[in-house]
>>> print(open('query31.pdb').read())   # PDB, C-alpha atoms and all ligand atoms
ATOM      1  CA  MET A 920     -45.859  15.886 -70.286
ATOM      2  CA  ILE A 921     -48.423  16.821 -67.623
ATOM      3  CA  TYR A 922     -50.896  14.054 -66.837
ATOM      4  CA  MET A 923     -54.549  14.644 -66.129
ATOM      5  CA  VAL A 924     -55.873  13.095 -62.957
ATOM      6  CA  ASP A 925     -59.244  12.315 -61.543
ATOM      7  CA  TYR A 926     -59.150  14.654 -58.573
ATOM      8  CA  ASN A 927     -61.937  17.008 -57.626
ATOM      9  CA  LEU A 928     -63.221  19.286 -54.932
ATOM     10  CA  TYR A 929     -65.083  16.525 -53.110
ATOM     11  CA  LYS A 930     -62.026  14.310 -52.935
ATOM     12  CA  GLY A 931     -59.818  17.214 -51.885
ATOM     13  CA  LYS A 932     -62.087  18.140 -48.995
ATOM     14  CA  ILE A 933     -62.398  14.559 -47.708
ATOM     15  CA  ARG A 934     -58.682  14.053 -47.921
ATOM     16  CA  ASN A 935     -57.904  17.277 -46.047
ATOM     17  CA  LYS A 936     -60.370  16.344 -43.298
ATOM     18  CA  VAL A 937     -58.808  12.952 -42.696
ATOM     19  CA  LEU A 938     -55.198  14.003 -43.035
ATOM     20  CA  SER A 939     -55.498  17.041 -40.797
ATOM     21  CA  LYS A 940     -55.995  14.781 -37.756
ATOM     22  CA  LYS A 941     -52.557  14.239 -36.320
ATOM     23  CA  LYS A 942     -52.158  11.054 -34.327
ATOM     24  CA  TYR A 943     -48.571   9.967 -34.747
ATOM     25  CA  VAL A 944     -47.328   7.221 -32.505
ATOM     26  CA  SER A 945     -43.608   7.539 -32.972
ATOM     27  CA  GLY A 946     -43.564  11.295 -32.523
ATOM     28  CA  VAL A 947     -42.074  11.677 -36.007
ATOM     29  CA  ASN A 948     -43.846  14.359 -37.958
ATOM     30  CA  VAL A 949     -42.534  14.040 -41.486
ATOM     31  CA  ASP A 950     -44.401  17.137 -42.589
ATOM     32  CA  ASP A 951     -42.487  19.173 -39.998
ATOM     33  CA  ILE A 952     -39.230  17.743 -41.376
ATOM     34  CA  PHE A 953     -40.357  18.506 -44.933
ATOM     35  CA  PHE A 954     -41.271  22.103 -44.126
ATOM     36  CA  ASN A 955     -38.163  22.666 -42.019
ATOM     37  CA  ASN A 956     -36.117  21.769 -45.101
ATOM     38  CA  ILE A 957     -38.152  24.228 -47.131
ATOM     39  CA  PHE A 958     -37.695  26.952 -44.500
ATOM     40  CA  SER A 959     -33.896  26.389 -44.437
ATOM     41  CA  ILE A 960     -33.793  26.978 -48.178
ATOM     42  CA  ILE A 961     -35.930  30.123 -47.964
ATOM     43  CA  ASP A 962     -33.861  31.430 -45.004
ATOM     44  CA  PHE A 963     -30.700  31.003 -47.059
ATOM     45  CA  TYR A 964     -32.054  33.359 -49.731
ATOM     46  CA  LEU A 965     -33.425  35.823 -47.195
ATOM     47  CA  LYS A 966     -30.060  36.053 -45.415
ATOM     48  CA  LYS A 967     -28.382  36.873 -48.712
ATOM     49  CA  LYS A 968     -31.144  39.414 -49.415
ATOM     50  CA  GLU A 969     -31.868  37.658 -52.681
ATOM     51  CA  ARG A 970     -35.183  36.948 -54.251
ATOM     52  CA  VAL A 971     -36.454  33.352 -53.975
ATOM     53  CA  ASN A 972     -38.909  32.212 -56.634
ATOM     54  CA  ILE A 973     -40.944  29.268 -55.414
ATOM     55  CA  LEU A 974     -43.239  26.995 -57.385
ATOM     56  CA  ASP A 975     -45.682  24.631 -55.668
ATOM     57  CA  VAL A 976     -46.858  21.940 -58.090
ATOM     58  CA  GLY A 977     -50.233  20.282 -57.562
ATOM     59  CA  THR A 978     -51.073  22.836 -54.895
ATOM     60  CA  GLY A 979     -54.674  21.672 -54.353
ATOM     61  CA  THR A 980     -56.227  23.952 -51.762
ATOM     62  CA  GLY A 981     -52.910  25.720 -51.295
ATOM     63  CA  PHE A 982     -51.634  23.861 -48.236
ATOM     64  CA  VAL A 983     -47.954  24.443 -49.054
ATOM     65  CA  PRO A 984     -48.281  28.208 -49.727
ATOM     66  CA  MET A 985     -50.310  28.535 -46.492
ATOM     67  CA  LYS A 986     -47.512  26.902 -44.491
ATOM     68  CA  ILE A 987     -44.949  29.262 -45.995
ATOM     69  CA  ILE A 988     -47.169  32.286 -45.429
ATOM     70  CA  SER A 989     -47.822  31.356 -41.819
ATOM     71  CA  LYS A 990     -44.060  31.196 -41.232
ATOM     72  CA  TYR A 991     -43.067  34.310 -43.192
ATOM     73  CA  ASN A 992     -44.979  37.535 -43.570
ATOM     74  CA  LEU A 993     -44.922  37.986 -47.340
ATOM     75  CA  LYS A 994     -45.898  41.629 -47.060
ATOM     76  CA  ILE A 995     -42.656  42.225 -45.132
ATOM     77  CA  ASN A 996     -40.494  39.578 -46.803
ATOM     78  CA  LYS A 997     -40.690  41.113 -50.263
ATOM     79  CA  ASN A 998     -38.129  38.651 -51.613
ATOM     80  CA  ILE A 999     -40.399  35.614 -51.375
ATOM     81  CA  PHE A1000     -42.517  34.942 -54.472
ATOM     82  CA  ILE A1001     -44.825  31.948 -54.661
ATOM     83  CA  ASP A1002     -46.485  30.589 -57.788
ATOM     84  CA  ALA A1003     -48.690  27.525 -57.461
ATOM     85  CA  VAL A1004     -50.130  25.352 -60.212
ATOM     86  CA  ASP A1005     -52.925  22.820 -60.336
ATOM     87  CA  ILE A1006     -55.167  21.223 -62.945
ATOM     88  CA  SER A1007     -58.261  21.612 -60.748
ATOM     89  CA  LYS A1008     -60.109  24.908 -61.084
ATOM     90  CA  ASP A1009     -62.298  24.164 -58.049
ATOM     91  CA  LEU A1010     -59.375  23.551 -55.734
ATOM     92  CA  LEU A1011     -57.512  26.620 -56.965
ATOM     93  CA  TYR A1012     -60.623  28.665 -56.297
ATOM     94  CA  LEU A1013     -60.567  27.534 -52.647
ATOM     95  CA  ALA A1014     -56.835  28.213 -52.402
ATOM     96  CA  GLN A1015     -57.222  31.707 -53.829
ATOM     97  CA  LYS A1016     -60.049  32.471 -51.402
ATOM     98  CA  ARG A1017     -57.834  31.629 -48.414
ATOM     99  CA  ASP A1018     -54.725  33.407 -49.588
ATOM    100  CA  ASN A1019     -54.280  36.181 -52.104
ATOM    101  CA  LEU A1020     -50.507  36.425 -51.837
ATOM    102  CA  THR A1021     -49.772  33.387 -53.982
ATOM    103  CA  ASN A1022     -50.063  33.502 -57.740
ATOM    104  CA  TYR A1023     -52.359  30.537 -58.452
ATOM    105  CA  ILE A1024     -52.163  29.261 -62.027
ATOM    106  CA  LEU A1025     -54.585  26.820 -63.588
ATOM    107  CA  ILE A1026     -52.719  24.506 -65.946
ATOM    108  CA  ASN A1027     -53.477  21.757 -68.407
ATOM    109  CA  ASN A1028     -51.404  19.408 -70.547
ATOM    110  CA  ASN A1029     -50.193  22.137 -72.863
ATOM    111  CA  THR A1030     -49.586  25.021 -70.504
ATOM    112  CA  LYS A1031     -46.246  26.690 -70.980
ATOM    113  CA  ILE A1032     -44.815  28.462 -67.935
ATOM    114  CA  ASN A1033     -42.150  30.900 -69.033
ATOM    115  CA  LYS A1034     -40.372  31.235 -65.732
ATOM    116  CA  LYS A1035     -37.653  29.347 -63.834
ATOM    117  CA  TYR A1036     -37.672  28.660 -60.122
ATOM    118  CA  ASP A1037     -35.137  28.505 -57.281
ATOM    119  CA  LEU A1038     -37.290  26.115 -55.298
ATOM    120  CA  ILE A1039     -39.897  23.713 -56.629
ATOM    121  CA  ILE A1040     -42.069  21.990 -54.042
ATOM    122  CA  ASN A1041     -44.170  18.924 -54.654
ATOM    123  CA  ARG A1042     -46.230  17.587 -51.782
ATOM    124  CA  LEU A1043     -48.243  14.562 -52.817
ATOM    125  CA  CYS A1044     -48.546  15.193 -56.541
ATOM    126  CA  PRO A1045     -46.753  12.201 -58.123
ATOM    127  CA  ARG A1046     -48.296  12.808 -61.524
ATOM    128  CA  PHE A1047     -46.508  16.056 -62.141
ATOM    129  CA  SER A1048     -43.899  15.035 -64.665
ATOM    130  CA  LEU A1049     -40.224  15.295 -63.850
ATOM    131  CA  ASP A1050     -39.468  16.407 -67.418
ATOM    132  CA  LYS A1051     -41.580  19.429 -66.710
ATOM    133  CA  ILE A1052     -39.760  20.026 -63.404
ATOM    134  CA  ASP A1053     -36.534  19.892 -65.385
ATOM    135  CA  THR A1054     -37.645  22.728 -67.662
ATOM    136  CA  LEU A1055     -38.917  24.843 -64.762
ATOM    137  CA  ILE A1056     -35.928  24.666 -62.433
ATOM    138  CA  LYS A1057     -33.008  27.124 -62.367
ATOM    139  CA  LYS A1058     -29.422  25.878 -62.683
ATOM    140  CA  ASN A1059     -28.980  26.127 -58.900
ATOM    141  CA  GLY A1060     -32.582  25.244 -58.215
ATOM    142  CA  ILE A1061     -33.784  22.743 -55.640
ATOM    143  CA  TYR A1062     -36.630  20.273 -56.072
ATOM    144  CA  ILE A1063     -38.208  18.855 -52.913
ATOM    145  CA  TYR A1064     -40.798  16.111 -53.033
ATOM    146  CA  LYS A1065     -42.847  14.343 -50.373
ATOM    147  CA  GLU A1066     -44.898  11.249 -51.080
ATOM    148  CA  TYR A1067     -45.857   7.864 -49.713
ATOM    149  CA  ASP A1068     -43.997   4.785 -50.890
ATOM    150  CA  ASN A1069     -45.143   1.292 -51.917
ATOM    151  CA  TYR A1070     -47.797   0.972 -49.215
ATOM    152  CA  ARG A1071     -49.192   4.414 -50.042
ATOM    153  CA  GLY A1072     -49.262   5.224 -46.333
ATOM    154  CA  LEU A1073     -51.525   2.268 -45.520
ATOM    155  CA  LYS A1074     -49.445  -0.857 -44.933
ATOM    156  CA  GLU A1075     -52.039  -2.914 -43.013
ATOM    157  CA  ILE A1076     -54.645  -2.111 -45.680
ATOM    158  CA  PHE A1077     -52.189  -3.201 -48.372
ATOM    159  CA  LEU A1078     -51.756  -6.532 -46.558
ATOM    160  CA  LEU A1079     -55.526  -7.101 -46.757
ATOM    161  CA  PHE A1080     -55.890  -6.094 -50.411
ATOM    162  CA  LYS A1081     -52.738  -7.228 -52.161
ATOM    163  CA  LYS A1082     -54.657  -8.447 -55.214
ATOM    164  CA  LYS A1083     -56.772  -5.318 -55.575
ATOM    165  CA  TRP A1084     -53.965  -2.905 -54.759
ATOM    166  CA  ILE A1085     -53.373  -0.198 -57.354
ATOM    167  CA  SER A1086     -49.654   0.297 -57.190
ATOM    168  CA  ARG A1087     -47.738   3.166 -58.670
ATOM    169  CA  GLU A1088     -44.144   4.325 -58.983
ATOM    170  CA  ASN A1089     -42.155   4.180 -55.757
ATOM    171  CA  SER A1090     -39.404   6.370 -54.320
ATOM    172  CA  PHE A1091     -36.642   4.600 -56.266
ATOM    173  CA  PHE A1092     -38.412   5.300 -59.546
ATOM    174  CA  TYR A1093     -38.374   9.049 -58.874
ATOM    175  CA  TYR A1094     -34.814   8.875 -57.573
ATOM    176  CA  ASN A1095     -33.678   7.141 -60.774
ATOM    177  CA  GLU A1096     -35.631   9.458 -63.045
ATOM    178  CA  LEU A1097     -34.025  12.503 -61.433
ATOM    179  CA  ASP A1098     -30.667  10.818 -61.768
ATOM    180  CA  LYS A1099     -31.287  10.327 -65.497
ATOM    181  CA  LEU A1100     -32.189  14.000 -65.793
ATOM    182  CA  ASN A1101     -28.758  14.802 -64.397
ATOM    183  CA  PHE A1102     -29.797  15.878 -60.912
ATOM    184  CA  LYS A1103     -26.474  15.303 -59.193
ATOM    185  CA  TYR A1104     -27.500  15.868 -55.595
ATOM    186  CA  LEU A1105     -30.056  13.261 -54.601
ATOM    187  CA  TYR A1106     -31.125  12.759 -51.002
ATOM    188  CA  LEU A1107     -33.816  10.202 -50.255
ATOM    189  CA  LYS A1108     -35.050   9.689 -46.713
ATOM    190  CA  LYS A1109     -37.738   7.124 -45.964
ATOM    191  CA  TYR A1110     -39.792   7.075 -42.772
ATOM    192  CA  ASN A1111     -41.858   4.460 -41.049
ATOM    193  CA  TYR A1112     -44.251   5.036 -38.183
ATOM    194  CA  LYS A1113     -47.719   4.169 -36.994
ATOM    195  CA  ARG A1114     -50.755   6.378 -36.920
ATOM    196  CA  LYS A1115     -54.188   5.822 -35.407
ATOM    197  CA  TYR A1116     -57.178   5.707 -37.733
ATOM    198  CA  SER A1117     -60.861   4.919 -37.391
ATOM    199  CA  ILE A1118     -62.568   2.696 -39.932
ATOM    200  CA  LYS A1119     -64.488   5.792 -41.070
ATOM    201  CA  ASP A1120     -61.205   7.583 -41.878
ATOM    202  CA  ILE A1121     -59.989   4.632 -43.932
ATOM    203  CA  ASP A1122     -63.355   4.294 -45.625
ATOM    204  CA  ASN A1123     -63.200   7.970 -46.637
ATOM    205  CA  ILE A1124     -59.658   7.610 -47.946
ATOM    206  CA  LEU A1125     -60.434   4.491 -49.971
ATOM    207  CA  LYS A1126     -63.624   6.003 -51.380
ATOM    208  CA  SER A1127     -61.861   9.170 -52.450
ATOM    209  CA  THR A1128     -58.665   7.717 -53.938
ATOM    210  CA  ASN A1129     -57.609   5.043 -56.393
ATOM    211  CA  ILE A1130     -55.822   2.783 -53.956
ATOM    212  CA  VAL A1131     -58.006  -0.337 -53.753
ATOM    213  CA  GLU A1132     -59.575  -1.358 -57.056
ATOM    214  CA  ASN A1133     -63.403  -1.150 -57.082
ATOM    215  CA  TYR A1134     -63.524  -0.492 -53.360
ATOM    216  CA  SER A1135     -66.912  -1.663 -52.059
ATOM    217  CA  LEU A1136     -68.976  -2.450 -48.941
ATOM    218  CA  LYS A1137     -67.535  -5.961 -48.999
ATOM    219  CA  ASP A1138     -64.057  -4.459 -48.664
ATOM    220  CA  TYR A1139     -65.230  -2.235 -45.819
ATOM    221  CA  ASN A1140     -66.500  -5.316 -43.980
ATOM    222  CA  LEU A1141     -63.228  -7.124 -44.544
ATOM    223  CA  ILE A1142     -61.353  -4.233 -42.895
ATOM    224  CA  LEU A1143     -63.857  -4.143 -40.042
ATOM    225  CA  SER A1144     -63.564  -7.857 -39.334
ATOM    226  CA  ASN A1145     -59.756  -7.814 -39.508
ATOM    227  CA  LEU A1146     -58.885  -4.501 -37.888
ATOM    228  CA  GLY A1147     -61.940  -3.389 -35.890
ATOM    229  CA  LEU A1148     -63.273   0.119 -35.448
ATOM    230  CA  THR A1149     -60.003   1.871 -34.600
ATOM    231  CA  PHE A1150     -56.494   0.649 -35.309
ATOM    232  CA  PHE A1151     -52.927   1.670 -36.013
ATOM    233  CA  ILE A1152     -51.690   1.838 -39.565
ATOM    234  CA  THR A1153     -48.049   1.939 -40.638
ATOM    235  CA  GLN A1154     -47.212   4.930 -42.787
ATOM    236  CA  ASP A1155     -44.348   4.977 -45.290
ATOM    237  CA  PRO A1156     -43.691   8.546 -46.387
ATOM    238  CA  TYR A1157     -40.447   9.697 -47.929
ATOM    239  CA  ILE A1158     -38.763  12.978 -48.729
ATOM    240  CA  LEU A1159     -36.632  13.376 -51.831
ATOM    241  CA  ILE A1160     -34.448  16.456 -52.175
ATOM    242  CA  SER A1161     -32.543  17.060 -55.390
ATOM    243  CA  SER A1162     -30.555  19.616 -57.305
ATOM    244  CA  LYS A1163     -28.254  19.786 -60.299
ATOM    245  CA  CYS A1164     -25.755  21.905 -58.403
ATOM    246  CA  VAL A1165     -24.151  19.974 -55.545
ATOM    247  CA  ASN A1166     -21.938  22.842 -54.308
ATOM    248  CA  PHE A1167     -24.868  25.167 -53.961
ATOM    249  CA  ILE A1168     -27.288  22.854 -52.145
ATOM    250  CA  GLU A1169     -24.591  21.654 -49.760
ATOM    251  CA  LYS A1170     -24.283  25.212 -48.450
ATOM    252  CA  ILE A1171     -27.938  25.124 -47.438
ATOM    253  CA  ILE A1172     -28.942  21.628 -46.338
TER     254      ILE A1172
HETATM  255  C1  LIG B1201     -53.055  14.906 -53.223
HETATM  256  S1  LIG B1201     -53.349  16.510 -53.800
HETATM  257  C2  LIG B1201     -52.059  17.413 -52.973
HETATM  258  C3  LIG B1201     -52.414  18.843 -52.724
HETATM  259  C4  LIG B1201     -51.370  19.656 -51.978
HETATM  260  N1  LIG B1201     -50.083  19.637 -52.617
HETATM  261  C5  LIG B1201     -51.238  19.203 -50.540
HETATM  262  O1  LIG B1201     -50.146  18.805 -50.152
HETATM  263  O2  LIG B1201     -52.209  19.274 -49.797
HETATM  264  C6  LIG B1201     -52.747  16.438 -55.457
HETATM  265  C7  LIG B1201     -53.065  17.676 -56.268
HETATM  266  O3  LIG B1201     -52.325  17.612 -57.494
HETATM  267  C8  LIG B1201     -53.148  18.061 -58.560
HETATM  268  N2  LIG B1201     -52.601  17.482 -59.780
HETATM  269  C9  LIG B1201     -52.609  16.188 -60.153
HETATM  270  N3  LIG B1201     -51.960  16.028 -61.303
HETATM  271  C10 LIG B1201     -51.508  17.248 -61.660
HETATM  272  C11 LIG B1201     -50.736  17.728 -62.733
HETATM  273  N4  LIG B1201     -50.329  16.913 -63.678
HETATM  274  N5  LIG B1201     -50.431  19.018 -62.770
HETATM  275  C12 LIG B1201     -50.851  19.844 -61.803
HETATM  276  N6  LIG B1201     -51.589  19.467 -60.748
HETATM  277  C13 LIG B1201     -51.905  18.177 -60.682
HETATM  278  C14 LIG B1201     -54.539  17.601 -58.169
HETATM  279  O4  LIG B1201     -55.546  18.348 -58.828
HETATM  280  C15 LIG B1201     -54.521  17.823 -56.663
HETATM  281  O5  LIG B1201     -54.953  19.114 -56.319
END
>>> encode(input="query31.pdb", output="structure tokens", more="lines below")
Ligand SMILES: C[S@@+](CC[C@H](N)C(=O)[O-])C[C@H]1O[C@@H](n2cnc3c(N)ncnc32)[C@H](O)[C@@H]1O
Amino acid sequence: MIYMVDYNLYKGKIRNKVLSKKKYVSGVNVDDIFFNNIFSIIDFYLKKKERVNILDVGTGTGFVPMKIISKYNLKINKNIFIDAVDISKDLLYLAQKRDNLTNYILINNNTKINKKYDLIINRLCPRFSLDKIDTLIKKNGIYIYKEYDNYRGLKEIFLLFKKKWISRENSFFYYNELDKLNFKYLYLKKYNYKRKYSIKDIDNILKSTNIVENYSLKDYNLILSNLGLTFFITQDPYILISSKCVNFIEKII
């Protein structure tokens, strides 16, 4: 089942603005690690001169396809095919405007996609159901997922708002669900590092997401009095890589 989510153009734009500022303290850039894994998989297919069918789920403004396209020239690399799905028409419109090489597909709860993929990428779309992934992946296919864990990338904010915190499934939930679906190769790597934010950044994030219940001016003031105008926040992203075919994926990663 595909779940509907309250996500719109306004929220997408705010989120992109805040998250595009890179201020990592530890020097770890988990996105680089995530995309390097993706590039290793694509390179494997290119070396064998085989076609690689990629699906990006919850593509939003097409960040994942853009990263792939800026690494590979799709007009030359004729073996790379990217489809991307999202439930937001507005965001897909923006994605399509930036890049016309990806096949952007608007989906809803009942959409049937009659294709199977070698590589399914999910960056920050926890609501895309794993049952659906299961029907869309080839026998040798690889599913790679990046998300934030229990603290949702905001540990110090969690510590201030434990009672109003809207929690959701963590990395172990997804790991176990994939296990139940018979994904035999399961690699989960969790990261922990600090990143600098301003109160304005955090305010934008909390206004545009469902992280703190009924986020209000009172909550803003609580953050200000506890953390000040700029502060470091501990992030807790993870990467989960999975496949049903252990022999195949072990050749690549
Ligand atoms: C946090 S954004 C991530 C966007 C993009 N993957 C990125 O990394 O920048 C989540 C996206 O998933 C989409 N989405 C949420 N639930 C979905 C579902 N069930 N099926 C497809 N897209 C979904 C939202 O519309 C939104 O564009």
>>> closest_residue(input="query31.pdb", among="A:Tyr1036, A:Leu1125, A:Ser1117, A:Gly1147", to="Asn1059 in chain A", atoms="only C-alpha atoms")
A:Tyr1036
>>> residues_around(input="query31.pdb", residues="range 1091-1097 of chain A", least_positions_apart="2", cutoff="8 Å", atoms="only C-alpha atoms", output="list in words")
Leu1049, Glu1088, Asn1089, Lys1099, Leu1100, Asn1101, Phe1102, Leu1105, Leu1107, Leu1159 and Ser1161 of chain A
>>> closest_atom_pairs(input="query31.pdb", of="range 948-1012 of chain A", to="range 1016-1030 of chain A", cutoff="8 Å", atoms="all atoms listed in the file", output="CSV")
residue,atom,partner,partner_atom,distance
A:Pro984,CA,A:Thr1021,CA,6.9
A:Met985,CA,A:Asp1018,CA,7.3
A:Leu993,CA,A:Leu1020,CA,7.3
A:Phe1000,CA,A:Thr1021,CA,7.4
A:Ile1001,CA,A:Thr1021,CA,5.2
A:Asp1002,CA,A:Asn1022,CA,4.6
A:Ala1003,CA,A:Tyr1023,CA,4.8
A:Val1004,CA,A:Ile1024,CA,4.8
A:Asp1005,CA,A:Leu1025,CA,5.4
A:Ile1006,CA,A:Ile1026,CA,5.1
A:Ser1007,CA,A:Leu1025,CA,7.0
A:Lys1008,CA,A:Leu1025,CA,6.4
A:Leu1011,CA,A:Tyr1023,CA,6.6
A:Tyr1012,CA,A:Lys1016,CA,6.2
>>> write_last_selection(input="query31.pdb", atoms="C-alpha atoms", output="short mmCIF file (atom, residue, chain, number, x, y, z; two decimals), in the coordinates of the input")
data_model
loop_
_atom_site.label_atom_id
_atom_site.label_comp_id
_atom_site.auth_asym_id
_atom_site.auth_seq_id
_atom_site.Cartn_x
_atom_site.Cartn_y
_atom_site.Cartn_z
CA PRO A 984 -48.28 28.21 -49.73
CA MET A 985 -50.31 28.54 -46.49
CA LEU A 993 -44.92 37.99 -47.34
CA PHE A 1000 -42.52 34.94 -54.47
CA ILE A 1001 -44.82 31.95 -54.66
CA ASP A 1002 -46.48 30.59 -57.79
CA ALA A 1003 -48.69 27.52 -57.46
CA VAL A 1004 -50.13 25.35 -60.21
CA ASP A 1005 -52.92 22.82 -60.34
CA ILE A 1006 -55.17 21.22 -62.94
CA SER A 1007 -58.26 21.61 -60.75
CA LYS A 1008 -60.11 24.91 -61.08
CA LEU A 1011 -57.51 26.62 -56.96
CA TYR A 1012 -60.62 28.66 -56.30
#
>>> resolve_selection(input="query31.pdb", expression="the PyMOL selection byres (((chain A and resi 1162-1167) around 12) and not hetatm)", output="PyMOL selection string")
chain A and resi 960+963-964+1036-1039+1052-1053+1056-1064+1094+1097-1106+1159-1161+1168-1172
>>> closest_residue(input="query31.pdb", among="A:Tyr1067, A:Phe1151, A:Tyr1112, A:Phe982", to="ligand LIG 1201 (chain B)", atoms="all atoms listed in the file")
A:Phe982
>>> closest_residue(input="query31.pdb", among="A:Ile1158, A:Ile957, A:Val976, A:Val971", to="ligand LIG 1201 (chain B)", atoms="only C-alpha atoms and all ligand atoms")
A:Val976
>>> closest_residue(input="query31.pdb", among="A:Asp1068, A:Glu969, A:Asp1122, A:Asp1009", to="ligand LIG 1201 (chain B)", atoms="all atoms listed in the file")
A:Asp1009
>>> axis_aligned_box(input="query31.pdb", around="ligand LIG 1201 (chain B)", padding_each_side="4 Å", output="JSON")
{"center_x": -52.8, "center_y": 17.4, "center_z": -56.7, "size_x": 13.5, "size_y": 12.9, "size_z": 21.9}
>>> closest_residue(input="query31.pdb", among="A:Leu1073, A:Ile1040, A:Leu1141, A:Leu1078", to="ligand LIG 1201 (chain B)", atoms="only C-alpha atoms and all ligand atoms")
A:Ile1040
>>> atom_distance(input="query31.pdb", atom1="CA of Lys1137 in chain A", atom2="CA of Lys1082 in chain A")
14.5 Å
>>> closest_residue(input="query31.pdb", among="A:Leu1013, A:Ile1085, A:Ile1121, A:Ile1142", to="ligand LIG 1201 (chain B)", atoms="all atoms listed in the file")
A:Leu1013
>>> atom_distance(input="query31.pdb", atom1="CA of Ser1090 in chain A", atom2="CA of Asn1129 in chain A")
18.4 Å
>>> atom_distance(input="query31.pdb", atom1="CA of Ser1127 in chain A", atom2="CA of Arg1087 in chain A")
16.6 Å
>>> resolve_selection(input="query31.pdb", expression="the PyMOL selection byres (((chain A and resi 979) around 7) and not hetatm)", output="JSON, numbers by chain")
{"A": [977, 978, 980, 981, 1005, 1010, 1011]}
>>> build_atoms(input="query31.pdb", residues="range 1020-1036 of chain A", atoms="N, CA and C atoms", output="short mmCIF file (atom, residue, chain, number, x, y, z; two decimals), in the frame of the given file")
data_model
loop_
_atom_site.label_atom_id
_atom_site.label_comp_id
_atom_site.auth_asym_id
_atom_site.auth_seq_id
_atom_site.Cartn_x
_atom_site.Cartn_y
_atom_site.Cartn_z
N LEU A 1020 -51.90 36.02 -51.64
CA LEU A 1020 -50.51 36.42 -51.84
C LEU A 1020 -49.80 35.52 -52.85
N THR A 1021 -50.37 34.33 -53.03
CA THR A 1021 -49.77 33.39 -53.98
C THR A 1021 -50.39 33.59 -55.36
N ASN A 1022 -49.57 33.40 -56.38
CA ASN A 1022 -50.06 33.50 -57.74
C ASN A 1022 -50.53 32.10 -58.18
N TYR A 1023 -51.83 31.86 -58.12
CA TYR A 1023 -52.36 30.54 -58.45
C TYR A 1023 -52.63 30.42 -59.96
N ILE A 1024 -52.06 29.40 -60.57
CA ILE A 1024 -52.16 29.26 -62.03
C ILE A 1024 -52.83 27.93 -62.37
N LEU A 1025 -53.90 28.03 -63.13
CA LEU A 1025 -54.58 26.82 -63.59
C LEU A 1025 -53.84 26.30 -64.82
N ILE A 1026 -53.47 25.02 -64.79
CA ILE A 1026 -52.72 24.51 -65.95
C ILE A 1026 -53.43 23.30 -66.56
N ASN A 1027 -53.04 23.01 -67.77
CA ASN A 1027 -53.48 21.76 -68.41
C ASN A 1027 -52.27 21.14 -69.10
N ASN A 1028 -52.51 20.13 -69.90
CA ASN A 1028 -51.40 19.41 -70.55
C ASN A 1028 -50.45 20.30 -71.34
N ASN A 1029 -51.01 21.36 -71.92
CA ASN A 1029 -50.19 22.14 -72.86
C ASN A 1029 -49.69 23.46 -72.32
N THR A 1030 -49.97 23.70 -71.04
CA THR A 1030 -49.59 25.02 -70.50
C THR A 1030 -48.08 25.21 -70.50
N LYS A 1031 -47.67 26.35 -71.03
CA LYS A 1031 -46.25 26.69 -70.98
C LYS A 1031 -46.04 27.72 -69.88
N ILE A 1032 -45.11 27.47 -68.98
CA ILE A 1032 -44.82 28.46 -67.94
C ILE A 1032 -43.44 29.03 -68.28
N ASN A 1033 -43.41 30.31 -68.57
CA ASN A 1033 -42.15 30.90 -69.03
C ASN A 1033 -41.38 31.52 -67.87
N LYS A 1034 -41.09 30.71 -66.89
CA LYS A 1034 -40.37 31.24 -65.73
C LYS A 1034 -39.55 30.09 -65.18
N LYS A 1035 -38.45 30.41 -64.48
CA LYS A 1035 -37.65 29.35 -63.83
C LYS A 1035 -37.63 29.62 -62.33
N TYR A 1036 -37.51 28.55 -61.57
CA TYR A 1036 -37.67 28.66 -60.12
C TYR A 1036 -36.43 28.22 -59.35
#
